[in-house]
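J.: Mind looking over this structure? Questions follow.
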Amino acid sequence: MKTKYLFLILFILSIISVFIGVKELSLLDIYHLNWDEMEILFLSRIPRLISIIVSGAAMSVSGLIMQQLTQNRFASPTTAGTIDSARFGILVSIILFPSQSTIMKMLISFIFALGGTFIFMEILKRVKFKNAVIIPLVGIMLGNVMDSITTFFAYKYDLMQNISSWLQGNFSMVIKGRYELLYISIPLLFIAFLYANKFTIAGMGEDFPPI
């Protein structure tokens, strides 16, 4: 029952958000919008709404999977070095592949994020004393190390502003031509949602070393 109420609240707030922005749009005028207002609605506001929902859902499901894998309710991409590794990947892509497309830079960032997560899991295997606090602390320390490396080279190459713009999470500039990359995450999000509870240490099989 609580889920239904939350879904209803999300639906209502989503409808309201479509009519919030610099250009005023009224819900009462929905049936007689002019051409400019229709362009704002379908090229900016609705893509912005879809982008926010998909991004939020993807982050929440990835956090759930991380908690299932580590069997720790405090574990998440922000406390496992994943975000900091992705930031380092963005730096590498900007320095080594400045002329590559956005998709290629995102792919490099994804590879670094995945590698950072594997490093986190590998470190946890070697930690003898584990409890609910130690696991996220290990991830935070790993993330700080990655962040310090990224900051050093970003200052050296004067790229701090470029990297910050990648991680702002600003959806105000989401318009047609800038949100289509999120379509890639929709099927992955659906699969992850269905099998999130199966991503456990036991589900990894006998060959997977316990944390």
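Residue names in the structure tokens use chain letters A, B, ... in the order shown, residue numbers from 1 in each chain, and ligand numbers from 1 in the order shown.
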If we count only C-alpha atoms and set the cut-off at 10 Å, which residues sit around Phe118 of chain A, ignoring sequence neighbours fewer than 4 positions away in its own chain? Please answer as a PyMOL selection string.
T.: chain A and resi 80-82+112-114+122-124
J.: For Thr102 of chain A, which of A:Ile90, A:Val61, A:Val138, A:Val133 is the closest residue, counting only C-alpha atoms?
T.: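 The answer is A:Ile90, which sits nearest to Thr102 of chain A.
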J.: In terms of the shortest atom-to-atom distance over only C-alpha atoms, which of A:Ile50, A:Leu182, A:Leu33, A:Val145 is closest to Ile15 of chain A?
T.: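 That would be A:Ile50, the residue with the smallest distance to Ile15 of chain A.
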J.: If you count only C-alpha atoms, which residues fall within 12 Å of Ser185 of chain A, apart from same-chain ones fewer than 2 positions away, as a ChimeraX atom specification?
T.: /A:50-51,53-59,61-62,179-183,187-193
J.: Using N, CA, C and O atoms, can you write the selected residues to a file as a short mmCIF file (atom, residue, chain, number, x, y, z; two decimals), in the first residue's frame?
T.:
data_model
loop_
_atom_site.label_atom_id
_atom_site.label_comp_id
_atom_site.auth_asym_id
_atom_site.auth_seq_id
_atom_site.Cartn_x
_atom_site.Cartn_y
_atom_site.Cartn_z
N ILE A 50 12.00 12.50 -17.93
CA ILE A 50 12.39 11.10 -18.15
C ILE A 50 13.84 10.88 -17.71
O ILE A 50 14.16 9.87 -17.08
N SER A 51 14.71 11.83 -18.01
CA SER A 51 16.13 11.71 -17.64
C SER A 51 16.29 11.64 -16.12
O SER A 51 17.07 10.83 -15.61
N ILE A 53 14.03 10.69 -13.84
CA ILE A 53 13.45 9.45 -13.30
C ILE A 53 14.36 8.26 -13.59
O ILE A 53 14.64 7.44 -12.70
N VAL A 54 14.85 8.15 -14.83
CA VAL A 54 15.71 7.03 -15.19
C VAL A 54 17.02 7.08 -14.41
O VAL A 54 17.49 6.05 -13.90
N SER A 55 17.61 8.26 -14.28
CA SER A 55 18.87 8.39 -13.55
C SER A 55 18.69 8.05 -12.08
O SER A 55 19.50 7.32 -11.49
N GLY A 56 17.62 8.57 -11.47
CA GLY A 56 17.36 8.27 -10.06
C GLY A 56 17.10 6.80 -9.82
O GLY A 56 17.61 6.22 -8.85
N ALA A 57 16.31 6.19 -10.70
CA ALA A 57 16.02 4.76 -10.54
C ALA A 57 17.28 3.92 -10.72
O ALA A 57 17.51 2.96 -9.98
N ALA A 58 18.11 4.28 -11.69
CA ALA A 58 19.34 3.53 -11.94
C ALA A 58 20.29 3.62 -10.74
O ALA A 58 20.90 2.62 -10.33
N MET A 59 20.40 4.80 -10.14
CA MET A 59 21.28 4.95 -8.98
C MET A 59 20.77 4.18 -7.78
O MET A 59 21.54 3.59 -7.03
N VAL A 61 18.84 1.43 -7.80
CA VAL A 61 19.00 0.00 -8.03
C VAL A 61 20.47 -0.41 -7.92
O VAL A 61 20.79 -1.46 -7.36
N SER A 62 21.38 0.43 -8.43
CA SER A 62 22.81 0.12 -8.31
C SER A 62 23.24 0.12 -6.85
O SER A 62 24.06 -0.70 -6.44
N TYR A 179 19.82 13.68 -24.43
CA TYR A 179 19.33 12.72 -23.44
C TYR A 179 19.22 11.30 -23.99
O TYR A 179 18.95 10.36 -23.25
N GLU A 180 19.43 11.13 -25.28
CA GLU A 180 19.21 9.82 -25.90
C GLU A 180 20.13 8.74 -25.36
O GLU A 180 19.81 7.55 -25.42
N LEU A 181 21.28 9.13 -24.81
CA LEU A 181 22.20 8.14 -24.25
C LEU A 181 21.57 7.39 -23.08
O LEU A 181 21.95 6.24 -22.79
N LEU A 182 20.60 8.01 -22.43
CA LEU A 182 19.94 7.35 -21.31
C LEU A 182 19.11 6.15 -21.75
O LEU A 182 18.77 5.30 -20.92
N TYR A 183 18.77 6.10 -23.03
CA TYR A 183 18.01 4.95 -23.53
C TYR A 183 18.78 3.65 -23.30
O TYR A 183 18.17 2.58 -23.14
N PRO A 187 16.91 -0.63 -20.58
CA PRO A 187 16.83 -2.10 -20.49
C PRO A 187 17.72 -2.67 -19.39
O PRO A 187 17.35 -3.64 -18.72
N LEU A 188 18.89 -2.05 -19.19
CA LEU A 188 19.77 -2.52 -18.11
C LEU A 188 19.13 -2.28 -16.75
O LEU A 188 19.24 -3.12 -15.84
N LEU A 189 18.45 -1.16 -16.61
CA LEU A 189 17.75 -0.86 -15.36
C LEU A 189 16.64 -1.87 -15.11
O LEU A 189 16.46 -2.35 -13.98
N PHE A 190 15.91 -2.22 -16.15
CA PHE A 190 14.81 -3.19 -16.02
C PHE A 190 15.34 -4.56 -15.59
O PHE A 190 14.81 -5.19 -14.68
N ILE A 191 16.44 -5.00 -16.21
CA ILE A 191 17.04 -6.29 -15.86
C ILE A 191 17.58 -6.27 -14.44
O ILE A 191 17.38 -7.21 -13.66
N ALA A 192 18.27 -5.17 -14.10
CA ALA A 192 18.84 -5.05 -12.75
C ALA A 192 17.75 -5.03 -11.69
O ALA A 192 17.90 -5.60 -10.60
N PHE A 193 16.64 -4.38 -11.98
CA PHE A 193 15.53 -4.32 -11.03
C PHE A 193 14.94 -5.70 -10.78
O PHE A 193 14.61 -6.07 -9.65
#
J.: Using only C-alpha atoms, which of the listed residues (A:Phe97, A:Tyr5, A:Phe74, A:Phe88) sits closest to Thr150 of chain A?
T.: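 For Thr150 of chain A, the nearest of the given residues is A:Phe88.
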J.: Can you tell me, as number ranges by chain, what residues are no more than 9 Å from Leu41 of chain A when counting only C-alpha atoms, ignoring any on the same chain fewer than 5 positions away?
T.: A: 18-19, 25, 36, 46-47
J.: Export, as a short mmCIF file (atom, residue, chain, number, x, y, z; two decimals), in the first residue's frame, the selected residues with N, CA and C atoms.
T.:
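Contents of selection_12.cif, as written:
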data_model
loop_
_atom_site.label_atom_id
_atom_site.label_comp_id
_atom_site.auth_asym_id
_atom_site.auth_seq_id
_atom_site.Cartn_x
_atom_site.Cartn_y
_atom_site.Cartn_z
N VAL A 18 6.74 19.18 -15.08
CA VAL A 18 6.72 19.47 -16.52
C VAL A 18 6.36 20.93 -16.78
N PHE A 19 5.62 21.54 -15.88
CA PHE A 19 5.16 22.91 -16.07
C PHE A 19 5.98 23.92 -15.26
N LEU A 25 4.36 27.64 -18.41
CA LEU A 25 3.37 26.77 -19.05
C LEU A 25 2.31 26.44 -18.02
N ASP A 36 5.51 27.07 -30.06
CA ASP A 36 6.68 27.26 -29.20
C ASP A 36 6.52 26.52 -27.88
N ILE A 46 9.65 17.24 -21.03
CA ILE A 46 9.41 15.80 -20.90
C ILE A 46 10.72 15.00 -20.95
N PRO A 47 11.65 15.30 -21.88
CA PRO A 47 12.96 14.63 -21.82
C PRO A 47 13.67 14.84 -20.49
#
J.: Do a neighbour search on Phe110 of chain A at 12 Å with only C-alpha atoms, toss out local chain neighbours closer than 2 positions, and write the hits as a ChimeraX atom specification.
T.: /A:82-90,92-93,103-108,112-117
J.: Restricting the calculation to only C-alpha atoms: of A:Gln71, A:Pro77, A:Gly63, A:Asp158, which residue gets closest to Phe120 of chain A?
T.: A:Pro77
J.: I need the residue nearest Leu91 of chain A from this list: A:Ile149, A:Ile140, A:Met38, A:Met121. Use only C-alpha atoms for the distance.
T.: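 The answer is A:Ile149, which sits nearest to Leu91 of chain A.
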J.: Smallest atom-to-atom distance to Leu69 of chain A: which of A:Val22, A:Arg48, A:Lys2, A:Ile135, using only C-alpha atoms?
T.: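 Selected residue with least distance to Leu69 of chain A: A:Ile135.
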J.: Figure out the distance between atom CA of Thr79 of chain A and atom CA of Asn144 of chain A, please, to one decimal in Å.
T.: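 Interatomic distance here is 9.9 Å.
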J.: Could you jot down the atom CA of Ile65 of chain A to atom CA of Asp147 of chain A separation for me, Å, one decimal place?
T.: 23.2 Å
J.: Rounded to one decimal place, report the atom CA of Phe42 of chain A-atom CA of Leu167 of chain A distance in Å.
T.: 25.4 Å
